[in-house]
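Trainee: Input structure: query21.tsv, which contains TSV, C-alpha atoms.
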chain	number	residue	atom	x	y	z
A	1	MET	CA	0.00	0.00	0.00
A	2	ILE	CA	1.32	3.42	-0.98
A	3	THR	CA	0.29	6.44	1.01
A	4	ALA	CA	0.83	10.01	-0.03
A	5	THR	CA	2.04	12.53	2.47
A	6	GLN	CA	0.40	15.84	1.97
A	7	ARG	CA	2.84	18.73	1.70
A	8	PRO	CA	2.12	21.82	3.72
A	9	ALA	CA	1.10	24.91	1.78
A	10	PRO	CA	4.04	27.21	1.00
A	11	LEU	CA	4.46	30.12	3.39
A	12	PRO	CA	3.94	33.68	2.14
A	13	PRO	CA	7.22	35.55	1.46
A	14	ALA	CA	6.79	37.74	4.57
A	15	LEU	CA	6.78	34.62	6.77
A	16	LEU	CA	9.84	33.15	5.07
A	17	ALA	CA	11.96	36.27	5.49
A	18	PRO	CA	13.73	36.84	8.79
A	19	THR	CA	12.11	39.40	11.07
A	20	PRO	CA	13.64	42.78	10.26
A	21	SER	CA	15.93	44.16	12.94
A	22	VAL	CA	14.89	47.55	14.31
A	23	ARG	CA	17.28	50.06	15.84
A	24	SER	CA	17.27	53.68	16.94
A	25	ALA	CA	18.41	56.15	14.33
A	26	CYS	CA	21.36	58.44	14.91
A	27	ALA	CA	22.36	61.80	13.43
A	28	GLY	CA	24.54	59.91	10.92
A	29	ASP	CA	21.34	58.40	9.44
A	30	ALA	CA	19.90	61.82	8.54
A	31	ALA	CA	20.77	61.75	4.83
A	32	ALA	CA	19.48	58.17	4.46
A	33	LEU	CA	16.26	59.07	6.33
A	34	ALA	CA	15.71	62.02	4.00
A	35	GLY	CA	16.43	59.83	0.96
A	36	LEU	CA	14.06	57.09	2.13
A	37	SER	CA	11.31	59.66	2.78
A	38	ARG	CA	11.72	61.70	-0.43
A	39	PRO	CA	9.64	59.46	-2.77
A	40	PHE	CA	6.80	59.46	-0.23
A	41	MET	CA	6.92	63.26	0.00
A	42	ARG	CA	6.85	63.54	-3.80
A	43	SER	CA	3.80	61.28	-3.99
A	44	GLY	CA	2.00	63.25	-1.27
A	45	ALA	CA	1.94	60.30	1.15
A	46	LEU	CA	4.23	62.18	3.56
A	47	ARG	CA	4.28	65.84	4.47
A	48	GLU	CA	7.18	67.86	3.11
A	49	ARG	CA	9.95	68.07	5.68
A	50	PRO	CA	13.34	69.76	5.41
A	51	ALA	CA	16.33	67.43	5.31
A	52	SER	CA	17.65	69.17	8.45
A	53	LEU	CA	14.71	67.75	10.44
A	54	TYR	CA	16.18	64.26	10.18
A	55	ALA	CA	19.46	65.33	11.78
A	56	THR	CA	17.80	67.50	14.43
A	57	HIS	CA	15.24	64.84	15.38
A	58	ALA	CA	17.15	61.62	14.62
A	59	ALA	CA	16.49	60.43	18.19
A	60	ASP	CA	12.74	60.31	17.35
A	61	PHE	CA	13.28	57.63	14.70
A	62	LEU	CA	13.42	53.87	14.62
A	63	VAL	CA	14.81	52.32	11.43
A	64	THR	CA	15.34	49.00	9.73
A	65	GLU	CA	18.13	48.37	7.28
A	66	SER	CA	19.57	45.70	5.05
A	67	ALA	CA	22.50	45.61	2.67
A	68	GLY	CA	23.68	48.94	4.05
A	69	ARG	CA	20.54	50.91	3.19
A	70	LEU	CA	17.49	51.89	5.17
A	71	ASP	CA	14.36	49.86	4.46
A	72	GLY	CA	11.95	51.76	6.68
A	73	CYS	CA	11.53	54.33	9.41
A	74	VAL	CA	9.03	55.76	11.86
A	75	GLY	CA	9.28	58.79	14.12
A	76	LEU	CA	7.78	59.00	17.60
A	77	ARG	CA	7.31	62.46	19.08
A	78	VAL	CA	6.25	62.62	22.73
A	79	HIS	CA	3.76	65.32	23.71
A	80	PRO	CA	3.56	65.85	27.49
A	81	ALA	CA	0.12	66.49	28.91
A	82	GLU	CA	-0.75	70.17	28.77
A	83	PRO	CA	-1.47	72.02	32.02
A	84	GLY	CA	-5.05	71.48	33.11
A	85	GLU	CA	-5.53	68.33	31.03
A	86	CYS	CA	-6.57	65.20	32.87
A	87	ARG	CA	-4.97	62.88	30.30
A	88	GLY	CA	-1.35	61.86	30.35
A	89	SER	CA	1.41	62.19	27.81
A	90	ALA	CA	0.69	61.03	24.29
A	91	GLY	CA	2.85	60.11	21.35
A	92	VAL	CA	2.53	60.93	17.69
A	93	LEU	CA	3.86	58.60	15.02
A	94	TYR	CA	5.13	60.44	11.98
A	95	ASN	CA	7.13	59.94	8.81
A	96	PHE	CA	6.30	56.21	8.76
A	97	CYS	CA	7.54	54.79	5.48
A	98	VAL	CA	8.89	51.56	4.00
A	99	ALA	CA	10.99	51.51	0.82
A	100	ALA	CA	9.21	50.01	-2.20
A	101	HIS	CA	11.69	47.10	-2.36
A	102	SER	CA	10.84	46.14	1.26
A	103	GLN	CA	7.07	46.49	1.27
A	104	GLY	CA	5.23	43.27	2.02
A	105	HIS	CA	8.19	41.76	3.87
A	106	GLY	CA	7.24	42.62	7.45
A	107	VAL	CA	9.28	45.81	7.74
A	108	GLY	CA	6.30	48.04	8.59
A	109	ALA	CA	4.97	45.53	11.12
A	110	ALA	CA	8.39	45.24	12.79
A	111	LEU	CA	8.65	49.03	13.04
A	112	LEU	CA	5.13	49.33	14.43
A	113	ARG	CA	5.69	46.61	17.06
A	114	ALA	CA	8.94	48.29	18.13
A	115	VAL	CA	7.44	51.77	18.37
A	116	LEU	CA	4.47	50.41	20.36
A	117	ALA	CA	6.93	48.81	22.81
A	118	MET	CA	8.88	52.09	23.03
A	119	ALA	CA	5.68	54.05	23.73
A	120	ARG	CA	4.68	51.61	26.48
A	121	ALA	CA	8.16	51.83	28.01
A	122	GLN	CA	7.73	55.63	28.14
A	123	SER	CA	4.32	55.19	29.83
A	124	LEU	CA	2.47	57.06	27.10
A	125	GLY	CA	-1.30	56.91	27.42
A	126	ALA	CA	-2.07	56.92	23.70
A	127	LEU	CA	-0.52	57.08	20.25
A	128	PHE	CA	-1.84	59.14	17.34
A	129	THR	CA	-1.00	59.24	13.66
A	130	ALA	CA	-2.38	60.82	10.51
A	131	THR	CA	-2.43	58.90	7.24
A	132	THR	CA	-3.52	59.62	3.70
A	133	GLY	CA	-3.48	55.87	2.99
A	134	ASP	CA	-5.95	53.22	4.06
A	135	GLY	CA	-4.28	52.78	7.45
A	136	SER	CA	-4.72	49.00	7.33
A	137	LEU	CA	-1.45	48.25	9.16
A	138	PHE	CA	-2.40	50.63	11.97
A	139	LEU	CA	-5.90	49.15	12.17
A	140	ARG	CA	-4.45	45.62	12.46
A	141	TYR	CA	-2.41	46.82	15.45
A	142	GLY	CA	-5.33	48.24	17.38
A	143	PHE	CA	-5.54	51.80	16.10
A	144	ALA	CA	-9.01	53.20	15.43
A	145	PRO	CA	-10.36	56.33	13.77
A	146	SER	CA	-10.14	59.37	16.04
A	147	THR	CA	-10.50	63.13	15.94
A	148	ALA	CA	-8.06	66.01	16.16
A	149	GLY	CA	-9.80	67.12	19.37
A	150	LEU	CA	-8.49	64.07	21.23
A	151	ALA	CA	-4.92	64.43	19.93
A	152	PRO	CA	-2.15	66.62	21.35
A	153	ARG	CA	-3.18	70.18	20.48
A	154	SER	CA	0.13	71.34	18.99
A	155	TRP	CA	0.21	68.36	16.62
A	156	ALA	CA	-3.46	68.62	15.68
A	157	GLU	CA	-3.03	72.32	14.86
A	158	SER	CA	-0.09	71.47	12.58
A	159	LEU	CA	-2.15	69.15	10.36
A	160	ASP	CA	-2.86	70.47	6.87
A	161	PRO	CA	-6.60	70.02	6.18
A	162	ARG	CA	-5.91	70.01	2.41
A	163	ARG	CA	-4.17	66.64	2.81
A	164	ASN	CA	-7.44	65.06	3.96
A	165	ALA	CA	-5.55	62.71	6.30
A	166	ARG	CA	-7.36	60.30	8.60
A	167	ILE	CA	-6.44	60.55	12.27
A	168	LEU	CA	-5.98	57.20	13.96
A	169	ALA	CA	-5.32	56.55	17.65
A	170	ARG	CA	-4.53	53.71	19.98
A	171	VAL	CA	-4.84	53.69	23.75
A	172	LEU	CA	-1.87	51.97	25.39
What would you get if you wrote out this structure as structure tokens?
Mentor:
Amino acid sequence: MITATQRPAPLPPALLAPTPSVRSACAGDAAALAGLSRPFMRSGALRERPASLYATHAADFLVTESAGRLDGCVGLRVHPAEPGECRGSAGVLYNFCVAAHSQGHGVGAALLRAVLAMARAQSLGALFTATTGDGSLFLRYGFAPSTAGLAPRSWAESLDPRRNARILARVL
């Protein structure tokens, strides 16, 4: 008697690839951060930012890299609670992008997991972001539609209404 052994279904490419390594950015990454972000700014997916921002605020960023080039980045800006507010400090995720060659390989998910862990370690009460995309990655990680009125005021006031971005939030 001959029996056939059923082969398991092949894994999707994202599950075959090793989990991307995430690290904190440093001032020396500024040019690479600007280069990674530039195509997203040109397409309108990211707000225009001066290249100097990446050097000045490098400590805000987490990055992934392979073969000596950045594959993705996300910034986390902490907004302390304003006087008279009963809510605690909140974080804002910004400049979240993954290079075209790395999309669909778990880079965005690795960055989002790392920045969520960083926010928890800093005892932030909530995270906010604004996206012109569908926000599906954020939604899979517990973010939900929100309003500018619930977000840190200085960040909410900086949003450009012409971009028509959706505000998403997650309580930590």
Trainee: Residues within 12 Å of segment 136-141 of chain A, please, as a VMD selection string. Count all atoms listed in the file; anything in the same chain fewer than 2 positions from it doesn't count.
Mentor: chain A and resid 93 96 to 97 103 to 104 106 to 116 127 to 134 143 to 146 166 to 172
Trainee: Quick one, how far is atom CA of Arg87 of chain A from atom CA of Ala151 of chain A?
Mentor: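 Pair atom CA of Arg87 of chain A / atom CA of Ala151 of chain A returns 10.5 Å.
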Trainee: Identify, on the basis of only C-alpha atoms, every residue whose closest approach to Asp60 of chain A does not exceed 9 Å; exclude the query and any residue fewer than 3 positions from it along the same chain; express the result as a ChimeraX atom specification.
Mentor: /A:24-25,54,57,74-78
Trainee: Rounded to one decimal place, report the atom CA of His105 of chain A-atom CA of Ser66 of chain A distance in Å.
Mentor: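 Atom CA of Ser66 of chain A lies 12.1 Å from atom CA of His105 of chain A.
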Trainee: Between A:Ala148, A:Val98, A:Leu62, A:Ala30, which is the closest to Pro50 of chain A once you count all atoms listed in the file?
Mentor: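 Between A:Ala148, A:Val98, A:Leu62, A:Ala30, the residue approaching Pro50 of chain A most closely is A:Ala30.
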Trainee: What does the structure give for the distance between atom CA of Ala90 of chain A and atom CA of Ala126 of chain A, in Å to one decimal?
Mentor: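 Atom-to-atom, atom CA of Ala90 of chain A to atom CA of Ala126 of chain A, that is 5.0 Å.
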Trainee: Output segment 68-82 of chain A as a short mmCIF file (atom, residue, chain, number, x, y, z; two decimals), in the coordinates of the input, making sure N, CA and C atoms are there.
Mentor:
data_model
loop_
_atom_site.label_atom_id
_atom_site.label_comp_id
_atom_site.auth_asym_id
_atom_site.auth_seq_id
_atom_site.Cartn_x
_atom_site.Cartn_y
_atom_site.Cartn_z
N GLY A 68 23.12 47.60 3.91
CA GLY A 68 23.68 48.94 4.05
C GLY A 68 22.76 50.09 3.69
N ARG A 69 21.47 49.81 3.48
CA ARG A 69 20.54 50.91 3.19
C ARG A 69 19.30 50.76 4.06
N LEU A 70 18.68 51.91 4.34
CA LEU A 70 17.49 51.89 5.17
C LEU A 70 16.31 51.32 4.39
N ASP A 71 15.56 50.45 5.06
CA ASP A 71 14.36 49.86 4.46
C ASP A 71 13.09 50.53 4.95
N GLY A 72 13.13 51.12 6.14
CA GLY A 72 11.95 51.76 6.68
C GLY A 72 12.28 52.60 7.89
N CYS A 73 11.34 53.48 8.23
CA CYS A 73 11.53 54.33 9.41
C CYS A 73 10.18 54.77 9.95
N VAL A 74 10.19 55.15 11.22
CA VAL A 74 9.03 55.76 11.86
C VAL A 74 9.55 56.68 12.95
N GLY A 75 8.94 57.86 13.06
CA GLY A 75 9.28 58.79 14.12
C GLY A 75 8.23 58.74 15.22
N LEU A 76 8.68 58.92 16.44
CA LEU A 76 7.78 59.00 17.60
C LEU A 76 8.10 60.29 18.34
N ARG A 77 7.16 61.20 18.35
CA ARG A 77 7.31 62.46 19.08
C ARG A 77 6.42 62.40 20.30
N VAL A 78 7.00 62.64 21.47
CA VAL A 78 6.25 62.62 22.73
C VAL A 78 5.71 64.01 23.01
N HIS A 79 4.43 64.07 23.36
CA HIS A 79 3.76 65.32 23.71
C HIS A 79 3.30 65.20 25.16
N PRO A 80 3.99 65.89 26.08
CA PRO A 80 3.56 65.85 27.49
C PRO A 80 2.14 66.40 27.62
N ALA A 81 1.45 65.97 28.65
CA ALA A 81 0.12 66.49 28.91
C ALA A 81 0.22 67.99 29.13
N GLU A 82 -0.74 68.72 28.59
CA GLU A 82 -0.75 70.17 28.77
C GLU A 82 -1.35 70.51 30.13
#
